[in-house]
>>> print(open('coords_19.cif').read())   # mmCIF, C-alpha atoms and all ligand atoms
data_upload
loop_
_atom_site.label_atom_id
_atom_site.label_comp_id
_atom_site.auth_asym_id
_atom_site.auth_seq_id
_atom_site.Cartn_x
_atom_site.Cartn_y
_atom_site.Cartn_z
CA MET A 1 -204.01 63.45 15.73
CA VAL A 2 -202.56 60.79 13.39
CA ASP A 3 -204.76 58.73 11.13
CA PRO A 4 -203.95 55.23 12.32
CA LEU A 5 -205.18 53.66 9.12
CA THR A 6 -202.71 55.54 6.94
CA ALA A 7 -199.86 55.86 9.44
CA SER A 8 -197.10 53.39 8.59
CA SER A 9 -196.87 50.53 11.08
CA PRO A 10 -194.23 47.89 11.62
CA ALA A 11 -195.16 44.55 10.03
CA LEU A 12 -196.55 41.83 12.25
CA VAL A 13 -193.73 39.71 13.61
CA LEU A 14 -194.79 36.71 15.66
CA PRO A 15 -192.33 35.15 18.09
CA ARG A 16 -190.97 31.97 16.56
CA HIS A 17 -192.83 29.59 18.91
CA LEU A 18 -196.15 31.30 18.17
CA ASP A 19 -195.53 31.36 14.45
CA SER A 20 -194.72 27.62 14.50
CA LEU A 21 -197.81 26.88 16.58
CA LEU A 22 -200.11 28.70 14.13
CA GLN A 23 -198.38 27.26 11.04
CA GLU A 24 -198.63 23.79 12.54
CA GLY A 25 -202.34 24.40 13.20
CA ILE A 26 -202.92 25.31 9.55
CA ARG A 27 -200.93 22.28 8.36
CA ARG A 28 -202.78 19.94 10.67
CA ARG A 29 -206.26 21.17 9.85
CA GLY A 30 -205.51 20.52 6.17
CA GLN A 31 -204.97 16.87 7.04
CA GLY A 32 -208.41 16.03 8.30
CA TYR A 33 -211.55 17.06 10.14
CA ARG A 34 -211.13 18.53 13.62
CA GLY A 35 -214.19 19.98 15.28
CA ARG A 36 -214.83 21.37 18.72
CA PHE A 37 -217.62 22.03 21.17
CA ALA A 38 -216.94 25.15 23.22
CA PRO A 39 -219.46 25.73 26.02
CA SER A 40 -219.09 28.51 28.58
CA PRO A 41 -219.48 27.17 32.12
CA SER A 42 -222.19 29.70 32.87
CA GLY A 43 -224.74 27.02 33.75
CA PRO A 44 -225.79 23.50 32.82
CA LEU A 45 -226.29 22.71 29.14
CA HIS A 46 -229.89 23.16 28.00
CA ARG A 47 -231.45 21.01 25.32
CA GLY A 48 -230.41 23.48 22.58
CA ASN A 49 -226.77 23.20 23.69
CA LEU A 50 -227.10 19.42 23.93
CA ARG A 51 -228.49 19.28 20.40
CA THR A 52 -225.66 21.47 19.07
CA ALA A 53 -223.17 19.17 20.81
CA LEU A 54 -224.88 16.12 19.26
CA ILE A 55 -224.76 17.67 15.77
CA GLY A 56 -221.08 18.60 16.15
CA TRP A 57 -220.17 15.15 17.45
CA LEU A 58 -222.10 13.42 14.64
CA ASP A 59 -220.53 15.63 11.99
CA ALA A 60 -217.02 14.98 13.33
CA ARG A 61 -217.55 11.22 13.54
CA LEU A 62 -219.26 11.02 10.12
CA HIS A 63 -216.10 12.63 8.72
CA GLY A 64 -213.89 10.20 10.64
CA GLY A 65 -212.56 13.24 12.47
CA GLU A 66 -211.76 14.42 15.96
CA TRP A 67 -214.04 16.34 18.29
CA LEU A 68 -212.45 18.49 20.99
CA LEU A 69 -214.05 19.92 24.10
CA ARG A 70 -213.01 23.45 24.97
CA ILE A 71 -214.33 25.17 28.07
CA ASP A 72 -214.68 28.92 27.42
CA ASP A 73 -214.13 30.02 31.00
CA LEU A 74 -212.27 33.33 30.60
CA ASP A 75 -215.17 35.48 31.72
CA ALA A 76 -214.88 34.42 35.36
CA PRO A 77 -217.85 36.43 36.73
CA ARG A 78 -220.15 34.51 34.39
CA ASN A 79 -218.80 31.10 35.40
CA ARG A 80 -221.02 29.11 37.75
CA ALA A 81 -219.65 26.75 40.38
CA GLY A 82 -220.06 23.14 39.27
CA ALA A 83 -221.10 24.03 35.71
CA GLU A 84 -217.99 22.62 34.06
CA GLU A 85 -218.32 19.29 35.90
CA ALA A 86 -222.00 19.16 34.98
CA ILE A 87 -221.22 19.81 31.29
CA LEU A 88 -218.66 17.01 31.19
CA ALA A 89 -220.98 14.62 33.00
CA ASP A 90 -223.90 15.40 30.67
CA LEU A 91 -221.86 14.84 27.52
CA ARG A 92 -220.52 11.54 28.88
CA TRP A 93 -224.00 10.41 29.91
CA LEU A 94 -225.23 11.01 26.37
CA GLY A 95 -222.26 9.10 24.92
CA LEU A 96 -220.78 12.19 23.26
CA HIS A 97 -217.14 11.40 23.99
CA TRP A 98 -214.55 13.99 23.06
CA ASP A 99 -210.94 13.46 22.02
CA GLY A 100 -208.09 14.31 24.37
CA PRO A 101 -208.45 16.13 27.66
CA PRO A 102 -210.93 19.01 27.97
CA LEU A 103 -209.15 22.29 27.21
CA ARG A 104 -209.74 25.33 29.37
CA GLN A 105 -209.24 28.80 27.97
CA SER A 106 -208.22 29.97 31.44
CA ALA A 107 -205.12 27.77 31.09
CA ARG A 108 -204.23 29.39 27.76
CA ARG A 109 -203.94 33.00 28.88
CA GLY A 110 -200.17 33.05 28.19
CA LEU A 111 -200.84 32.21 24.53
CA TYR A 112 -203.43 34.98 24.16
CA ALA A 113 -201.09 37.47 25.88
CA THR A 114 -198.31 36.65 23.38
CA VAL A 115 -200.70 37.20 20.49
CA LEU A 116 -201.82 40.50 22.00
CA SER A 117 -198.31 41.83 22.43
CA SER A 118 -197.40 40.85 18.85
CA LEU A 119 -200.45 42.64 17.49
CA ARG A 120 -199.75 45.60 19.69
CA ARG A 121 -196.13 45.88 18.48
CA SER A 122 -197.35 45.78 14.88
CA GLY A 123 -199.50 48.86 15.45
CA THR A 124 -202.83 47.17 14.76
CA LEU A 125 -204.20 47.69 18.28
CA TYR A 126 -205.14 50.90 19.98
CA PRO A 127 -206.25 51.68 23.52
CA CYS A 128 -209.84 52.73 23.95
CA ARG A 129 -211.24 54.55 26.94
CA CYS A 130 -214.87 54.60 25.95
CA SER A 131 -216.83 53.27 28.88
CA ARG A 132 -218.80 50.09 28.69
CA ARG A 133 -221.96 51.86 29.72
CA MET A 134 -221.45 54.45 27.03
CA LEU A 135 -221.22 51.85 24.31
CA ALA A 136 -223.09 48.95 25.90
CA ASP A 137 -219.77 47.35 25.07
CA ILE A 138 -219.32 43.76 26.16
CA SER A 139 -217.37 40.84 24.79
CA ALA A 140 -219.64 37.97 25.64
CA PRO A 141 -221.44 35.83 23.12
CA HIS A 142 -225.23 36.12 22.65
CA GLU A 143 -225.44 39.85 23.33
CA PRO A 144 -226.95 42.62 21.21
CA LEU A 145 -224.80 43.86 18.37
CA THR A 146 -222.95 47.16 18.40
CA ILE A 147 -220.52 48.83 16.01
CA TYR A 148 -217.83 50.89 17.64
CA PRO A 149 -217.75 54.32 16.03
CA GLY A 150 -213.93 54.63 16.26
CA LEU A 151 -213.92 57.45 18.83
CA CYS A 152 -210.48 56.57 20.26
CA ARG A 153 -208.75 55.90 16.93
CA GLY A 154 -205.71 58.11 16.54
CA MET A 155 -205.72 59.37 20.16
CA ASP A 156 -202.42 59.38 22.00
CA PRO A 157 -201.84 55.71 22.69
CA THR A 158 -201.29 55.65 26.43
CA TRP A 159 -201.71 52.09 27.54
CA GLY A 160 -201.51 52.62 31.28
CA ALA A 161 -204.21 53.39 33.83
CA GLU A 162 -205.79 56.83 33.77
CA ARG A 163 -207.84 57.89 36.77
CA GLY A 164 -207.44 54.32 38.01
CA ARG A 165 -208.87 52.72 34.84
CA LEU A 166 -207.08 50.69 32.20
CA PRO A 167 -208.14 51.04 28.57
CA SER A 168 -209.64 48.25 26.54
CA TRP A 169 -207.64 47.35 23.43
CA ARG A 170 -209.18 47.36 20.00
CA LEU A 171 -208.09 45.87 16.72
CA LEU A 172 -208.07 48.48 13.99
CA LEU A 173 -210.08 47.26 11.04
CA GLY A 174 -209.12 48.63 7.63
CA PRO A 175 -211.58 48.98 4.77
CA GLY A 176 -212.72 45.87 2.96
CA GLY A 177 -214.83 42.80 3.30
CA ILE A 178 -214.55 39.85 5.62
CA ALA A 179 -215.57 36.53 4.11
CA TRP A 180 -215.74 32.92 5.19
CA GLU A 181 -217.10 29.59 4.06
CA GLU A 182 -220.43 28.44 5.48
CA ARG A 183 -221.19 24.73 5.22
CA PHE A 184 -224.99 24.93 5.42
CA ALA A 185 -225.71 28.36 3.95
CA SER A 186 -224.24 30.78 1.46
CA ALA A 187 -220.80 32.15 2.28
CA GLY A 188 -220.54 34.66 5.11
CA GLN A 189 -219.63 38.15 4.03
CA LEU A 190 -219.52 41.38 6.03
CA ASP A 191 -218.16 44.82 5.38
CA GLY A 192 -215.38 45.37 7.95
CA PRO A 193 -215.89 49.02 8.97
CA ARG A 194 -219.65 49.15 8.38
CA GLN A 195 -220.76 45.83 9.81
CA VAL A 196 -218.02 44.74 12.16
CA GLY A 197 -216.06 47.76 13.44
CA ASP A 198 -212.90 47.87 15.55
CA ILE A 199 -212.98 44.78 17.72
CA VAL A 200 -212.24 44.69 21.45
CA VAL A 201 -209.50 42.11 21.93
CA ARG A 202 -208.80 42.84 25.59
CA ARG A 203 -211.40 44.30 27.86
CA ALA A 204 -210.83 47.19 30.24
CA ASP A 205 -211.15 44.77 33.18
CA GLY A 206 -208.12 42.89 31.80
CA VAL A 207 -210.10 39.89 30.53
CA ILE A 208 -209.10 38.59 27.10
CA ALA A 209 -212.09 39.14 24.85
CA TYR A 210 -214.10 36.23 23.49
CA HIS A 211 -213.30 37.01 19.84
CA LEU A 212 -209.54 37.02 20.34
CA ALA A 213 -209.42 33.84 22.43
CA THR A 214 -211.78 32.02 20.08
CA ALA A 215 -209.93 33.08 16.92
CA VAL A 216 -206.54 32.10 18.36
CA ASP A 217 -207.86 28.76 19.57
CA GLU A 218 -209.47 27.78 16.26
CA LEU A 219 -206.04 28.34 14.67
CA ALA A 220 -203.79 26.91 17.35
CA LEU A 221 -206.00 23.86 17.93
CA ALA A 222 -206.10 23.15 14.18
CA ILE A 223 -209.89 23.32 14.02
CA SER A 224 -211.04 22.60 10.47
CA ASP A 225 -214.79 22.93 11.10
CA VAL A 226 -216.53 25.16 13.64
CA LEU A 227 -220.07 23.95 14.27
CA ARG A 228 -222.07 26.14 16.64
CA GLY A 229 -225.44 27.83 17.03
CA VAL A 230 -226.60 30.20 14.33
CA ASP A 231 -226.81 32.98 16.95
CA LEU A 232 -223.00 33.07 16.75
CA TRP A 233 -223.04 33.81 13.01
CA SER A 234 -222.39 37.51 13.71
CA SER A 235 -219.41 36.64 15.90
CA THR A 236 -217.74 35.04 12.93
CA GLY A 237 -216.87 38.36 11.22
CA PRO A 238 -214.84 39.67 14.19
CA GLN A 239 -213.18 36.29 14.68
CA VAL A 240 -212.21 35.98 11.01
CA ALA A 241 -210.89 39.57 11.18
CA VAL A 242 -208.63 38.63 14.11
CA MET A 243 -207.36 35.62 12.15
CA ALA A 244 -206.69 37.87 9.14
CA ALA A 245 -204.73 40.28 11.36
CA LEU A 246 -202.56 37.28 12.23
CA GLY A 247 -202.15 36.50 8.53
CA MET A 248 -204.22 33.30 8.78
CA ALA A 249 -207.18 31.94 6.83
CA PRO A 250 -210.28 30.91 8.77
CA PRO A 251 -211.65 27.38 9.17
CA ARG A 252 -215.02 26.37 7.67
CA TYR A 253 -218.10 27.30 9.65
CA GLY A 254 -221.40 25.52 10.08
CA HIS A 255 -224.01 27.52 11.98
CA VAL A 256 -226.71 25.16 13.15
CA PRO A 257 -230.35 25.77 14.05
CA LEU A 258 -231.28 26.96 17.51
CA TRP A 259 -233.93 25.37 19.64
CA CYS A 260 -236.54 28.03 20.36
CA ASP A 261 -238.92 28.07 23.30
CA ALA A 262 -242.69 28.32 23.05
CA ARG A 263 -242.42 32.12 22.67
CA GLY A 264 -239.99 31.71 19.78
CA GLN A 265 -237.00 32.90 21.84
CA ARG A 266 -233.72 31.04 21.88
CA LEU A 267 -233.07 28.97 25.01
CA SER A 268 -230.58 30.46 27.44
CA LYS A 269 -228.39 28.82 30.07
CA ARG A 270 -228.58 31.86 32.27
CA GLU A 271 -232.37 31.77 32.25
CA GLY A 272 -232.25 28.12 33.29
CA ALA A 273 -233.73 26.52 30.15
CA GLU A 274 -234.39 22.80 30.53
CA GLY A 275 -231.42 20.46 30.32
CA LEU A 276 -230.83 16.85 31.23
CA ALA A 277 -232.25 17.30 34.74
CA GLY A 278 -235.63 18.15 33.22
CA TYR A 279 -235.46 15.23 30.81
CA ARG A 280 -234.65 12.88 33.67
CA GLU A 281 -237.55 14.23 35.72
CA ARG A 282 -239.76 13.31 32.80
CA GLY A 283 -238.36 9.77 33.08
CA LEU A 284 -236.17 9.76 29.97
CA ASP A 285 -232.90 7.85 29.91
CA ALA A 286 -229.95 8.63 27.58
CA ALA A 287 -231.53 6.71 24.67
CA GLY A 288 -234.77 8.65 25.13
CA VAL A 289 -232.92 11.99 25.19
CA VAL A 290 -230.83 11.21 22.08
CA GLY A 291 -234.08 10.14 20.40
CA ASP A 292 -235.77 13.40 21.39
CA LEU A 293 -232.84 15.58 20.24
CA ALA A 294 -232.61 13.73 16.92
CA ALA A 295 -236.39 13.76 16.40
CA SER A 296 -236.42 17.54 16.86
CA LEU A 297 -234.27 17.66 13.71
CA ASP A 298 -236.42 15.06 11.87
CA LEU A 299 -233.47 12.67 11.83
CA VAL A 300 -235.57 9.94 13.47
CA PRO A 301 -239.31 9.53 14.18
CA VAL A 302 -240.70 11.15 17.33
CA GLY A 303 -240.52 8.76 20.29
CA SER A 304 -237.37 6.99 19.02
CA ARG A 305 -234.95 5.58 21.55
CA LEU A 306 -231.38 5.03 20.46
CA SER A 307 -227.82 5.63 21.64
CA ALA A 308 -225.60 8.29 20.10
CA GLY A 309 -223.57 5.48 18.51
CA GLU A 310 -226.69 3.91 16.97
CA LEU A 311 -227.78 7.28 15.62
CA LEU A 312 -224.33 7.77 14.11
CA HIS A 313 -224.47 4.40 12.36
CA SER A 314 -227.93 5.10 10.98
CA LEU A 315 -226.85 8.35 9.30
CA LYS A 316 -224.93 9.42 6.24
CA ARG A 317 -223.14 12.76 6.00
CA SER A 318 -225.69 13.90 3.44
CA ASP A 319 -228.59 13.24 5.90
CA LEU A 320 -227.09 15.60 8.44
CA GLU A 321 -226.25 18.23 5.85
CA ARG A 322 -229.72 18.16 4.35
CA CYS A 323 -231.22 18.59 7.78
CA MET A 324 -228.91 21.52 8.65
CA ARG A 325 -229.86 23.29 5.44
CA ALA A 326 -233.61 23.04 6.02
CA PRO A 327 -234.70 26.71 5.94
CA GLN A 328 -237.71 26.29 8.23
CA ARG A 329 -235.43 25.45 11.12
CA ARG A 330 -233.20 28.48 11.08
CA GLY A 331 -233.43 30.77 14.00
CA CYS A 332 -235.38 32.18 16.90
CA ALA A 333 -236.38 35.79 17.48
CA GLY A 334 -233.63 38.26 18.35
CA SER A 335 -230.76 35.83 17.97
CA GLY A 336 -228.51 38.03 15.82
CA GLU A 337 -228.17 35.46 13.09
CA ARG A 338 -228.09 35.78 9.36
CA SER A 339 -231.37 35.66 7.59
CA PRO A 340 -231.00 32.71 5.20
CA GLY A 341 -232.84 34.50 2.43
CA SER A 342 -230.88 37.72 2.62
CA PRO A 343 -228.29 38.41 -0.03
CA ASN A 344 -224.57 38.62 0.71
CA GLY A 345 -224.80 37.54 4.29
CA THR A 346 -226.50 40.70 5.45
CA VAL A 347 -227.56 40.55 9.08
CA THR A 348 -231.31 41.09 9.07
CA ALA A 349 -234.71 39.88 10.13
CA THR A 350 -233.96 38.65 13.62
CA GLY A 351 -233.89 41.82 15.62
CA ALA A 352 -230.38 42.81 14.52
CA ASP A 353 -229.80 46.13 12.81
CA PRO A 354 -228.37 45.49 9.33
CA ALA A 355 -225.95 48.37 9.87
CA GLN A 356 -224.48 46.46 12.75
CA GLY A 357 -222.63 43.21 12.77
CA SER A 358 -220.16 42.99 15.59
CA ARG A 359 -220.43 41.55 19.03
CA ILE A 360 -217.51 42.77 21.06
N1 LIG A 401 -218.59 29.69 24.54
C1 LIG A 401 -219.60 30.17 23.64
C2 LIG A 401 -220.98 29.84 24.18
O1 LIG A 401 -221.15 29.10 25.10
C3 LIG A 401 -219.56 29.57 22.27
C4 LIG A 401 -218.30 29.77 21.59
C5 LIG A 401 -218.24 29.23 20.18
O2 LIG A 401 -218.77 28.14 19.89
O3 LIG A 401 -217.61 29.91 19.41
O4 LIG A 401 -221.91 30.30 23.65
#
>>> encode(input="coords_19.cif", output="structure tokens", more="lines below")
Ligand code: GLU
Amino acid sequence: MVDPLTASSPALVLPRHLDSLLQEGIRRRGQGYRGRFAPSPSGPLHRGNLRTALIGWLDARLHGGEWLLRIDDLDAPRNRAGAEEAILADLRWLGLHWDGPPLRQSARRGLYATVLSSLRRSGTLYPCRCSRRMLADISAPHEPLTIYPGLCRGMDPTWGAERGRLPSWRLLLGPGGIAWEERFASAGQLDGPRQVGDIVVRRADGVIAYHLATAVDELALAISDVLRGVDLWSSTGPQVAVMAALGMAPPRYGHVPLWCDARGQRLSKREGAEGLAGYRERGLDAAGVVGDLAASLDLVPVGSRLSAGELLHSLKRSDLERCMRAPQRRGCAGSGERSPGSPNGTVTATGADPAQGSRI
């Protein structure tokens, strides 16, 4: 058995078009703010998603920047018929207009495949035949955290099917830390092997894993600022590690508070948490909903009615930042986020094991 970490590997060579795309992304993100909202079409947006979208839109507009809409639809079994249309309609109804056409990850599979084959040629990927059940190993967001113990490292790299099953592909993570800038909290920092582990970049069912697609898209789409729910804090380590494997620096991250239900749990699309339909049943129009979302962050008094544009004009960047930093608002139970009080970005206090840090 060879030790893949010490075995010499060819350097990463990206095909010229991919290299130019990534270099152009880095150049462009240095020129100004570009944010994105990236829902999965696994159901209609609930009020937590709507609030995250509102925060991202406000932040982008307060910076005079762009706000893209990316539909994370690679995990086809989780997609729900009509969900994408409903997401677009809800954002429009609230006046949260995005720039350019909506982007679908399913249309970008060729890009991810090129990245995968470049990484594979450079010797940084290895096939893994550990079963999903064995490792509770999934690559969707919002799932419990697991660290892969490296069982398939250094095995004979046979990439084809064995007993009718393809392997998943993992990115080999060398020793060292993974760090990134957090806008509303102290910098993110995780130990690669201990808190992230070798990351699945392509699943055994052939689906490109969430971390790979997301990392590639932040780079290729020139995203300067990723604003998303704080439950995705732990996904940032694997995504920054993928970017590092491509020789690229990460964007800035802003992990924003979640909206918790009465039991203190984060709202979930799959469990049908209330979205615009519920608001409408209660008789609220778009101004009432924007008022409610903004009031939940103490940006406006409870009962306010205002359009997204009016809210934008009433705010300064510092108002939004102050509100995002408010410690009492961070987190629901079991959401896998970083405890704001914990040193060095350790994952604690929300049901996540501090020895773990990777969602794969
Ligand atoms: N598509 C993911 C979700 O709906 C979020 C991805 C992200 O913002 O990085 O939770």
>>> atom_distance(input="coords_19.cif", atom1="atom CA of A:Pro157", atom2="atom CA of A:Pro127")
6.0 Å
>>> atom_distance(input="coords_19.cif", atom1="atom CA of A:Ala187", atom2="atom CA of A:Met243")
17.0 Å
>>> closest_residue(input="coords_19.cif", among="A:Gly64, A:Leu54, A:Gly264, A:Ser42", to="A:Gly95", atoms="only C-alpha atoms")
A:Leu54
>>> residues_around(input="coords_19.cif", residues="stretch 80-94 of chain A", least_positions_apart="6", cutoff="6 Å", atoms="only C-alpha atoms", output="ChimeraX atom specification")
/A:41-44,286
>>> write_last_selection(input="coords_19.cif", atoms="C-alpha atoms", output="PDB file, in the frame of the given file")
ATOM      1  CA  PRO A  41    -219.480  27.170  32.120  1.00  0.00           C
ATOM      2  CA  SER A  42    -222.190  29.700  32.870  1.00  0.00           C
ATOM      3  CA  GLY A  43    -224.740  27.020  33.750  1.00  0.00           C
ATOM      4  CA  PRO A  44    -225.790  23.500  32.820  1.00  0.00           C
ATOM      5  CA  ALA A 286    -229.950   8.630  27.580  1.00  0.00           C
TER       6      ALA A 286
END
>>> atom_distance(input="coords_19.cif", atom1="atom CA of A:Trp259", atom2="atom CA of A:Gln105")
26.3 Å
>>> residues_near_ligand(input="coords_19.cif", ligand="ligand LIG 401 (chain A)", cutoff="8 Å", atoms="only C-alpha atoms and all ligand atoms", output="ChimeraX atom specification")
/A:36-42,71-73,141-142,210,214,226-229,232,235
>>> closest_residue(input="coords_19.cif", among="A:Met248, A:Ser186, A:Gly65, A:Pro257", to="A:Arg34", atoms="only C-alpha atoms")
A:Gly65
>>> closest_residue(input="coords_19.cif", among="A:Ala220, A:Ala294, A:Pro175, A:Thr52", to="A:Leu18", atoms="all atoms listed in the file")
A:Ala220
>>> residues_near_point(input="coords_19.cif", point="(-208.7, 31.8, 16.1)", cutoff="9 Å", atoms="all atoms listed in the file", output="compact mmCIF listing (two decimals) with C-alpha atoms, keeping the file's coordinate frame")
# COMPACT_ATOMS: atom_id res chain seq x y z
CA HIS A 211 -213.30 37.01 19.84
CA LEU A 212 -209.54 37.02 20.34
CA ALA A 213 -209.42 33.84 22.43
CA THR A 214 -211.78 32.02 20.08
CA ALA A 215 -209.93 33.08 16.92
CA VAL A 216 -206.54 32.10 18.36
CA ASP A 217 -207.86 28.76 19.57
CA GLU A 218 -209.47 27.78 16.26
CA LEU A 219 -206.04 28.34 14.67
CA ALA A 220 -203.79 26.91 17.35
CA LEU A 221 -206.00 23.86 17.93
CA ILE A 223 -209.89 23.32 14.02
CA GLN A 239 -213.18 36.29 14.68
CA VAL A 240 -212.21 35.98 11.01
CA VAL A 242 -208.63 38.63 14.11
CA MET A 243 -207.36 35.62 12.15
CA MET A 248 -204.22 33.30 8.78
CA PRO A 250 -210.28 30.91 8.77
CA PRO A 251 -211.65 27.38 9.17
>>> residues_near_point(input="coords_19.cif", point="(-208.4, 22.6, 23.6)", cutoff="7 Å", atoms="all atoms listed in the file", output="ChimeraX atom specification")
/A:68-70,102-104,221
>>> closest_residue(input="coords_19.cif", among="A:Leu116, A:Ile199, A:Cys152, A:Ile147", to="A:Leu172", atoms="only C-alpha atoms")
A:Ile199
>>> axis_aligned_box(input="coords_19.cif", around="stretch 108-120 of chain A", padding_each_side="3 Å", output="JSON")
{"center_x": -200.8, "center_y": 37.5, "center_z": 23.2, "size_x": 12.8, "size_y": 22.2, "size_z": 17.4}
>>> closest_residue(input="coords_19.cif", among="A:Gly160, A:Leu50, A:Gly32, A:Gln23", to="A:Val289", atoms="all atoms listed in the file")
A:Leu50
>>> residues_around(input="coords_19.cif", residues="stretch 274-278 of chain A", least_positions_apart="3", cutoff="6 Å", atoms="all atoms listed in the file", output="list in words")
Leu45, His46, Arg47 and Glu281 of chain A
>>> residues_around(input="coords_19.cif", residues="stretch 290-292 of chain A", least_positions_apart="3", cutoff="6 Å", atoms="only C-alpha atoms", output="PyMOL selection string")
chain A and resi 287+295+304-306
>>> closest_residue(input="coords_19.cif", among="A:Ala76, A:Ile55, A:Leu166, A:Val207", to="A:Gly254", atoms="only C-alpha atoms")
A:Ile55
>>> residues_around(input="coords_19.cif", residues="A:Thr124", least_positions_apart="4", cutoff="7 Å", atoms="all atoms listed in the file", output="list of chain:residue names")
A:Leu119, A:Arg120, A:Leu171, A:Leu172
>>> residues_around(input="coords_19.cif", residues="A:Val201", least_positions_apart="6", cutoff="6 Å", atoms="all atoms listed in the file", output="PyMOL selection string")
chain A and resi 169-170+209+212
>>> write_last_selection(input="coords_19.cif", atoms="C-alpha atoms", output="short mmCIF file (atom, residue, chain, number, x, y, z; two decimals), in the coordinates of the input")
data_model
loop_
_atom_site.label_atom_id
_atom_site.label_comp_id
_atom_site.auth_asym_id
_atom_site.auth_seq_id
_atom_site.Cartn_x
_atom_site.Cartn_y
_atom_site.Cartn_z
CA TRP A 169 -207.64 47.35 23.43
CA ARG A 170 -209.18 47.36 20.00
CA ALA A 209 -212.09 39.14 24.85
CA LEU A 212 -209.54 37.02 20.34
#
